[in-house]
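Quick look at data.cif (mmCIF, C-alpha atoms):
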```cif
data_start
loop_
_atom_site.label_atom_id
_atom_site.label_comp_id
_atom_site.auth_asym_id
_atom_site.auth_seq_id
_atom_site.Cartn_x
_atom_site.Cartn_y
_atom_site.Cartn_z
CA MET D 13 75.48 92.61 94.56
CA SER D 14 73.16 95.52 95.35
CA CYS D 15 74.36 99.10 95.01
CA LYS D 16 74.12 99.55 98.82
CA ASN D 17 76.35 96.52 99.38
CA LYS D 18 78.80 97.88 96.81
CA LEU D 19 78.85 101.17 98.72
CA PHE D 20 79.81 99.33 101.91
CA GLU D 21 82.59 97.41 100.12
CA ILE D 22 83.92 100.52 98.36
CA ARG D 23 84.03 102.53 101.60
CA ARG D 24 85.82 99.67 103.34
CA ASP D 25 88.37 99.34 100.53
CA LEU D 26 89.01 103.08 100.32
CA LYS D 27 89.55 103.38 104.07
CA SER D 28 92.03 100.49 104.02
CA ASN D 29 93.81 101.86 100.91
CA ASN D 30 92.84 98.71 99.03
CA PHE D 31 91.90 100.18 95.64
CA GLU D 32 93.30 100.83 92.19
CA PHE D 33 93.13 103.71 89.70
CA SER D 34 91.94 103.11 86.16
CA ILE D 35 94.12 104.43 83.37
CA HIS D 36 91.38 106.97 82.66
CA ALA D 37 91.43 108.20 86.28
CA TYR D 38 95.21 108.48 86.23
CA GLU D 39 95.09 110.49 82.98
CA ARG D 40 92.46 112.85 84.42
CA MET D 41 94.55 113.32 87.57
CA VAL D 42 97.63 114.26 85.52
CA GLU D 43 95.56 116.53 83.28
CA ARG D 44 93.97 118.34 86.25
CA GLY D 45 96.94 118.46 88.60
CA ILE D 46 95.34 116.15 91.17
CA PHE D 47 97.76 113.94 93.09
CA ALA D 48 97.34 110.65 94.94
CA THR D 49 97.85 112.62 98.17
CA ASP D 50 94.71 114.61 97.32
CA ILE D 51 92.74 111.38 96.96
CA LEU D 52 94.14 110.03 100.24
CA ALA D 53 93.22 113.31 101.98
CA LEU D 54 89.68 113.09 100.58
CA ILE D 55 89.38 109.54 101.93
CA LYS D 56 90.89 110.49 105.31
CA ASN D 57 88.59 113.51 105.68
CA GLY D 58 85.57 111.28 105.29
CA LEU D 59 83.39 109.59 102.72
CA LYS D 60 80.11 111.08 103.90
CA HIS D 61 79.09 112.61 100.59
CA SER D 62 78.25 109.66 98.35
CA VAL D 63 75.93 109.60 95.35
CA TRP D 64 74.88 106.58 93.28
CA ILE D 65 75.17 107.30 89.53
CA GLU D 66 72.85 104.80 87.87
CA LYS D 67 73.95 105.71 84.34
CA HIS D 68 77.56 104.69 85.05
CA GLY D 69 76.96 102.15 87.81
CA SER D 70 79.33 104.00 90.12
CA TRP D 71 79.42 105.63 93.51
CA ASN D 72 80.76 109.20 93.57
CA PHE D 73 82.44 110.63 96.66
CA SER D 74 83.23 114.32 97.08
CA GLY D 75 85.48 116.04 99.56
CA GLN D 76 88.48 118.24 100.06
CA GLY D 77 91.93 117.12 99.01
CA ILE D 78 95.15 118.73 100.23
CA GLY D 79 94.23 122.10 98.72
CA PRO D 80 91.02 124.12 98.82
CA ASP D 81 89.39 122.39 95.84
CA ILE D 82 86.53 119.94 96.23
CA ILE D 83 87.42 116.73 94.43
CA THR D 84 85.08 113.97 93.30
CA ILE D 85 86.09 110.37 92.71
CA ALA D 86 83.88 107.88 90.89
CA CYS D 87 84.28 104.28 92.09
CA THR D 88 83.05 100.90 90.97
CA TYR D 89 83.24 97.55 92.72
CA ASN D 90 83.55 94.09 91.19
CA ASN D 91 85.09 90.70 92.01
CA TYR D 92 88.57 92.24 91.92
CA GLY D 93 87.76 95.02 94.39
CA THR D 94 87.41 98.78 94.18
CA LEU D 95 88.44 100.76 91.14
CA ILE D 96 88.56 104.56 90.97
CA VAL D 97 87.35 105.12 87.41
CA THR D 98 87.64 108.90 87.17
CA VAL D 99 88.57 111.98 89.19
CA PHE D 100 87.34 115.55 88.75
CA TRP D 101 86.79 118.86 90.49
CA LYS D 102 83.31 119.63 91.66
#
```
Rewritten as structure tokens:
Amino acid sequence: MSCKNKLFEIRRDLKSNNFEFSIHAYERMVERGIFATDILALIKNGLKHSVWIEKHGSWNFSGQGIGPDIITIACTYNNYGTLIVTVFWK
């Protein structure tokens, strides 16, 4: 599947809340005080800012969570669906 097709599938999955967090992403969220509600707010506020990261084979999306911080999520797509692989502040 091309990276553009993966982008379409990831956006669709995120908007329908059909995704999972990797253990790594969950650990980074706990470490950085980022909550699932922040991720849901980022998704609700829009997924306009997307960047393909060739090195990792992931799409990164940035936006505002519940608070003032800009949050970035890195997502991959495979046969099982969308996986948020890491979360960080911009």
Revision key, fill the gap. Restricting to all atoms listed in the file, whichever of D:Ile78, D:Ile55, D:Ala86, D:Cys15 is closest to D:Ser34 is D:Ala86
**Study point:** Chain and number of each residue from the PyMOL selection byres ((chain D and resi 88) around 10), as a PyMOL selection string
**Key:** chain D and resi 15+18-19+21-22+68-72+86-87+89-90+93-98
Requested write-out: C-alpha atoms of the selected residues, as a PDB file, in the coordinates of the input:
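Saved the output as again04.pdb:
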```
ATOM      1  CA  CYS D  15      74.360  99.100  95.010  1.00  0.00           C
ATOM      2  CA  LYS D  18      78.800  97.880  96.810  1.00  0.00           C
ATOM      3  CA  LEU D  19      78.850 101.170  98.720  1.00  0.00           C
ATOM      4  CA  GLU D  21      82.590  97.410 100.120  1.00  0.00           C
ATOM      5  CA  ILE D  22      83.920 100.520  98.360  1.00  0.00           C
ATOM      6  CA  HIS D  68      77.560 104.690  85.050  1.00  0.00           C
ATOM      7  CA  GLY D  69      76.960 102.150  87.810  1.00  0.00           C
ATOM      8  CA  SER D  70      79.330 104.000  90.120  1.00  0.00           C
ATOM      9  CA  TRP D  71      79.420 105.630  93.510  1.00  0.00           C
ATOM     10  CA  ASN D  72      80.760 109.200  93.570  1.00  0.00           C
ATOM     11  CA  ALA D  86      83.880 107.880  90.890  1.00  0.00           C
ATOM     12  CA  CYS D  87      84.280 104.280  92.090  1.00  0.00           C
ATOM     13  CA  TYR D  89      83.240  97.550  92.720  1.00  0.00           C
ATOM     14  CA  ASN D  90      83.550  94.090  91.190  1.00  0.00           C
ATOM     15  CA  GLY D  93      87.760  95.020  94.390  1.00  0.00           C
ATOM     16  CA  THR D  94      87.410  98.780  94.180  1.00  0.00           C
ATOM     17  CA  LEU D  95      88.440 100.760  91.140  1.00  0.00           C
ATOM     18  CA  ILE D  96      88.560 104.560  90.970  1.00  0.00           C
ATOM     19  CA  VAL D  97      87.350 105.120  87.410  1.00  0.00           C
ATOM     20  CA  THR D  98      87.640 108.900  87.170  1.00  0.00           C
TER      21      THR D  98
END
```
Practice item. Check which residues satisfy the PyMOL selection byres ((chain D and resi 44) around 12) in the file shown, then give them as a list in words. Key: Ala37, Tyr38, Glu39, Arg40, Met41, Val42, Glu43, Gly45, Ile46, Phe47, Asp50, Asp81, Ile83, Thr98, Val99, Phe100 and Trp101 of chain D
Check your understanding: So how many Å separate atom CA of D:Gly79 and atom CA of D:Arg24, to one decimal?
Key ->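 About the pair atom CA of D:Gly79 and atom CA of D:Arg24: they are 24.4 Å apart.
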Check your understanding: By how many Å are atom CA of D:Asn91 and atom CA of D:Gln76 apart?
Key ->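 Computing it gives 28.9 Å between the two atoms.
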